[in-house]
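Read the structure below first, then the notes.
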Amino acid sequence: MPTASQVLVLNCGSSSLKFAVIDPKSGVEALTGIGDGLGQSEPVISWQVQGDKHTVSLPDKASHTTVIQFLVDEILHPRPQLLHCLVAVGHRVVHGGEKFSRSVLIDGEVTDAIRDCATLAPLHNPPALLGIEAARKAFPALAQVAVFDTAFHQSMPRHAFIYALPYNLYRDHGIRRYGMHGTSHRYVTERTAELLNLPVDGVNVISAHLGNGASITAIRNGCSVDTSMGLTPLEGLVMGTRSGDVDPGILMHLGCRFDYSLKEVNDLLNRKSGLLGISELSNDCRALEKAAGDGHQGAWLALDIFSYRLAKYIAAYHAPLKQVDALVFTGGIGENSSLIRGKVLDHLEGLGFQVDPERNLQMRSGAEGTITRADSALALVIPTNEEWVIARDAANLVPGDHQNHNGGNRE
Ligand code: ADP
């Protein structure tokens, strides 16, 4: 059990709440868990502490609040050593609009601002607010810190974040590129600087976060200068079920010619496209690789398109960087799929990338390192760790007199 200061990290999704107790200095996780199926029938909570795994059913339609109460009463209170090490709660918040360019201590003004940004992230900001509210009640003595997915991208210049639409849409309604996955791209940037022995504000990186959602960011001198996700997480790369970039004219064509409603178009672009839509088989990269190996043509096509489109973005992001210290792959696909990485690097030979097939094969299941030859432009695999960034930010923002004064609160 830990003796150093620990941070409780909460990540509230629309129907899930992931939690972890993390040492902000080392990144070691003393506890990890997830409440899943929230608001639905048969929700469950699973957690792992000291190597022991547990799963318990929660009452039907259990909420984020129920999970936090369970966490306090059933998981933390029986382990006072863990509970009393907590110095802060770090909350992942998806959208901070233009208001937040860094992590902040949460007060009434901050929760109001997160509520204001909910129109931009209707599925994500409301559950984050539920988590904040419940955590404030459960841990009244602990500092609560919000870490925003959008914050890292607030350094983008106007020419990267303004759409070529009538300017009043930005001025009056905040319609612009915000970007997502900022916490992951920031982790990758800081880790790359560490690995290359460069200062963070002197490192130039192209960071490709490839999970079910996928985005890519150009980072100059440690700051995001362009990113592929936009107002919403739909723009940019091909994803599991999301289309990424398409000709917007297609949407009008679907509506005018085939009577698609807006709701149907939304469903098509967000849930029926991407790897799933192309392959007509699966949104899951691993399943597609297996099917492709068995000769499934749709699976090959999906993987080909995914890789080609990613390579195009990587090539484009050489423009704002001028000189690139490293291309980094992260996220479930980036960390594990040597097939996708190999295809992408093959497309980028003209930019000096030469894959090292053996190293590429070795980088999987949490391994970190180089996948290119010695004389090549550098490509790395870095397993992301958003939770650790949240824990570090939260610990750094703890006011001095709040440290280690937690008792938890059984209501
Ligand atoms: P999320 O965005 O939901 O956090 P992840 O980062 O966990 O997603 O990434 C999920 C994706 O990673 C899935 O497409 C999955 O198939 C893929 N993936 C995981 N392991 C492998 C692997 N060994 N080979 C290829 N793809 C993998």
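Letters for chains follow the order of the structure tokens (A, B, ...), residue numbers begin at 1 for each chain, and ligand numbers begin at 1 in the order shown.
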
Next item on the list: Might you pull out every residue within 6 Å of region 303-309 of chain A, with only C-alpha atoms counted and same-chain residues fewer than 2 positions away left off, and present them as a VMD selection string?
Entry: chain A and resid 238 300 to 301 311 to 312 340 344

Notebook entry, point to check: Which residues sit within 6 Å of ligand 1, counting only C-alpha atoms and all ligand atoms, listed as JSON, numbers by chain?
Noted result: {"A": [211, 212, 213, 284, 285, 286, 331, 332, 333, 336, 337]}

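Counting only C-alpha atoms and comparing A:Val9, A:Ile114, A:Leu348, A:Ala88, the residue that lies closest to Pro399 (chain A) is A:Ala88.
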
Note to self: So the first atom is CA of Thr227 (chain A) and the second is CA of Leu276 (chain A); what is the distance between them in Å, to one decimal place?
What the structure shows: 23.5 Å

Notebook entry, point to check: For Ala218 (chain A), which residue out of A:Val265, A:Ile34, A:Ala292, A:Ala319 is the nearest one, using only C-alpha atoms?
Noted result: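 Closest candidate: A:Ala319.
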
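Summary of the local environment: counting only C-alpha atoms, residues at most 6 Å from Met156 (chain A), other than itself and those fewer than 5 positions away along its chain, are Ser224, Val225 and Asp226 of chain A.
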
Next item on the list: Quick one: everything within 9 Å of Thr232 (chain A), counting only C-alpha atoms, minus sequence neighbours fewer than 4 positions away in the same chain. Send it as a PyMOL selection string.
Entry: chain A and resi 120-121+177-180

Please produce a file of the residues just selected, as a short mmCIF file (atom, residue, chain, number, x, y, z; two decimals), in the first residue's frame, where the atoms kept are all heavy atoms.
```cif
data_model
loop_
_atom_site.label_atom_id
_atom_site.label_comp_id
_atom_site.auth_asym_id
_atom_site.auth_seq_id
_atom_site.Cartn_x
_atom_site.Cartn_y
_atom_site.Cartn_z
N LEU A 120 -21.10 22.03 -26.58
CA LEU A 120 -20.08 21.53 -27.52
C LEU A 120 -19.75 20.06 -27.27
O LEU A 120 -19.17 19.41 -28.13
CB LEU A 120 -18.80 22.37 -27.40
CG LEU A 120 -18.96 23.85 -27.78
CD1 LEU A 120 -17.74 24.64 -27.36
CD2 LEU A 120 -19.18 23.99 -29.29
N ALA A 121 -20.06 19.54 -26.10
CA ALA A 121 -19.79 18.12 -25.79
C ALA A 121 -20.95 17.56 -24.96
O ALA A 121 -20.79 17.24 -23.78
CB ALA A 121 -18.47 17.98 -25.03
N ARG A 177 -12.20 24.97 -34.73
CA ARG A 177 -11.53 23.73 -34.36
C ARG A 177 -11.09 23.82 -32.89
O ARG A 177 -10.45 24.82 -32.50
CB ARG A 177 -10.30 23.54 -35.27
CG ARG A 177 -9.42 22.34 -34.91
CD ARG A 177 -8.20 22.24 -35.84
NE ARG A 177 -8.55 22.39 -37.23
CZ ARG A 177 -9.17 21.47 -37.95
NH1 ARG A 177 -9.48 20.31 -37.40
NH2 ARG A 177 -9.48 21.68 -39.21
N TYR A 178 -11.46 22.83 -32.10
CA TYR A 178 -11.00 22.77 -30.71
C TYR A 178 -9.99 21.64 -30.51
O TYR A 178 -9.03 21.78 -29.77
CB TYR A 178 -12.18 22.58 -29.74
CG TYR A 178 -13.05 23.80 -29.62
CD1 TYR A 178 -14.21 23.91 -30.39
CD2 TYR A 178 -12.71 24.85 -28.78
CE1 TYR A 178 -15.01 25.04 -30.30
CE2 TYR A 178 -13.49 25.99 -28.69
CZ TYR A 178 -14.65 26.07 -29.45
OH TYR A 178 -15.43 27.19 -29.37
N GLY A 179 -10.25 20.49 -31.18
CA GLY A 179 -9.36 19.34 -31.01
C GLY A 179 -9.68 18.57 -29.73
O GLY A 179 -10.29 19.11 -28.80
N MET A 180 -9.29 17.31 -29.70
CA MET A 180 -9.53 16.43 -28.54
C MET A 180 -8.24 15.66 -28.25
O MET A 180 -7.23 15.85 -28.91
CB MET A 180 -10.64 15.42 -28.82
CG MET A 180 -11.87 16.00 -29.44
SD MET A 180 -12.94 16.77 -28.25
CE MET A 180 -13.72 18.02 -29.25
#
```

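You will find CA of Pro320 (chain A) at 18.3 Å from CA of Phe353 (chain A).
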
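Distances to Ile132 (chain A) were evaluated for A:Val72, A:Asn11, A:Thr217, A:Cys117 using only C-alpha atoms, and the minimum falls at A:Asn11.
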
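For the pair CA of Ser376 (chain A) and CA of Gly350 (chain A), the separation is 11.0 Å.
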
Note to self: I need the helix (DSSP H, G or I) residues of region 95-222 of chain A per DSSP on the backbone, written as a VMD selection string.
What the structure shows: chain A and resid 108 to 119 125 to 138 151 to 155 158 to 161 168 to 173 182 to 196 200 to 202

Save the residues we just selected, C-alpha atoms, as a JSON list (two decimals), in the first residue's frame?
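Generated file (out24.json):
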```json
[["chain", "number", "residue", "atom", "x", "y", "z"],
["A", 108, "GLY", "CA", -18.21, 27.48, -8.75],
["A", 109, "GLU", "CA", -17.01, 29.60, -11.65],
["A", 110, "VAL", "CA", -15.23, 26.64, -13.22],
["A", 111, "THR", "CA", -18.27, 24.34, -12.94],
["A", 112, "ASP", "CA", -20.40, 27.09, -14.55],
["A", 113, "ALA", "CA", -17.91, 27.33, -17.41],
["A", 114, "ILE", "CA", -17.89, 23.54, -17.87],
["A", 115, "ARG", "CA", -21.69, 23.68, -17.97],
["A", 116, "ASP", "CA", -21.52, 26.44, -20.63],
["A", 117, "CYS", "CA", -19.25, 24.23, -22.77],
["A", 118, "ALA", "CA", -21.72, 21.33, -22.57],
["A", 119, "THR", "CA", -23.39, 22.43, -25.82],
["A", 125, "ASN", "CA", -19.41, 17.38, -20.07],
["A", 126, "PRO", "CA", -22.69, 16.61, -18.18],
["A", 127, "PRO", "CA", -21.36, 13.30, -16.73],
["A", 128, "ALA", "CA", -18.09, 15.05, -15.80],
["A", 129, "LEU", "CA", -20.16, 17.58, -13.83],
["A", 130, "LEU", "CA", -21.96, 14.71, -12.08],
["A", 131, "GLY", "CA", -18.58, 13.24, -11.14],
["A", 132, "ILE", "CA", -17.31, 16.60, -9.85],
["A", 133, "GLU", "CA", -20.42, 17.13, -7.75],
["A", 134, "ALA", "CA", -20.30, 13.63, -6.26],
["A", 135, "ALA", "CA", -16.55, 13.84, -5.57],
["A", 136, "ARG", "CA", -16.91, 17.22, -3.86],
["A", 137, "LYS", "CA", -19.49, 15.70, -1.51],
["A", 138, "ALA", "CA", -17.50, 12.54, -0.92],
["A", 151, "ALA", "CA", -6.70, 22.61, -23.26],
["A", 152, "PHE", "CA", -3.49, 21.46, -24.97],
["A", 153, "HIS", "CA", -4.82, 22.63, -28.35],
["A", 154, "GLN", "CA", -5.56, 26.19, -27.22],
["A", 155, "SER", "CA", -2.10, 27.16, -28.48],
["A", 158, "ARG", "CA", -5.99, 31.26, -35.77],
["A", 159, "HIS", "CA", -5.14, 30.09, -39.27],
["A", 160, "ALA", "CA", -5.28, 26.50, -37.94],
["A", 161, "PHE", "CA", -8.49, 26.75, -35.92],
["A", 168, "ASN", "CA", -19.72, 35.26, -37.60],
["A", 169, "LEU", "CA", -20.20, 31.52, -36.93],
["A", 170, "TYR", "CA", -16.98, 31.70, -34.93],
["A", 171, "ARG", "CA", -17.60, 35.13, -33.44],
["A", 172, "ASP", "CA", -21.21, 34.52, -32.42],
["A", 173, "HIS", "CA", -21.35, 30.77, -31.83],
["A", 182, "GLY", "CA", -5.07, 16.81, -25.75],
["A", 183, "THR", "CA", -4.03, 15.05, -22.55],
["A", 184, "SER", "CA", -2.68, 12.10, -24.53],
["A", 185, "HIS", "CA", -0.89, 14.29, -27.08],
["A", 186, "ARG", "CA", 0.64, 16.25, -24.20],
["A", 187, "TYR", "CA", 1.87, 13.08, -22.50],
["A", 188, "VAL", "CA", 3.43, 11.90, -25.76],
["A", 189, "THR", "CA", 5.13, 15.27, -26.24],
["A", 190, "GLU", "CA", 6.62, 15.31, -22.75],
["A", 191, "ARG", "CA", 7.72, 11.69, -22.99],
["A", 192, "THR", "CA", 9.31, 12.24, -26.42],
["A", 193, "ALA", "CA", 11.28, 15.20, -25.05],
["A", 194, "GLU", "CA", 12.45, 13.00, -22.18],
["A", 195, "LEU", "CA", 13.47, 10.15, -24.49],
["A", 196, "LEU", "CA", 15.30, 12.47, -26.90],
["A", 200, "VAL", "CA", 9.77, 20.10, -23.79],
["A", 201, "ASP", "CA", 9.66, 23.62, -25.24],
["A", 202, "GLY", "CA", 12.26, 22.61, -27.81]]
```

Item checked: Polymer residues at most 12 Å from Ser26 (chain A), only C-alpha atoms, same-chain spacing of 6 or more positions, as number ranges by chain -> A: 2, 4-7, 385, 387-389, 391-392
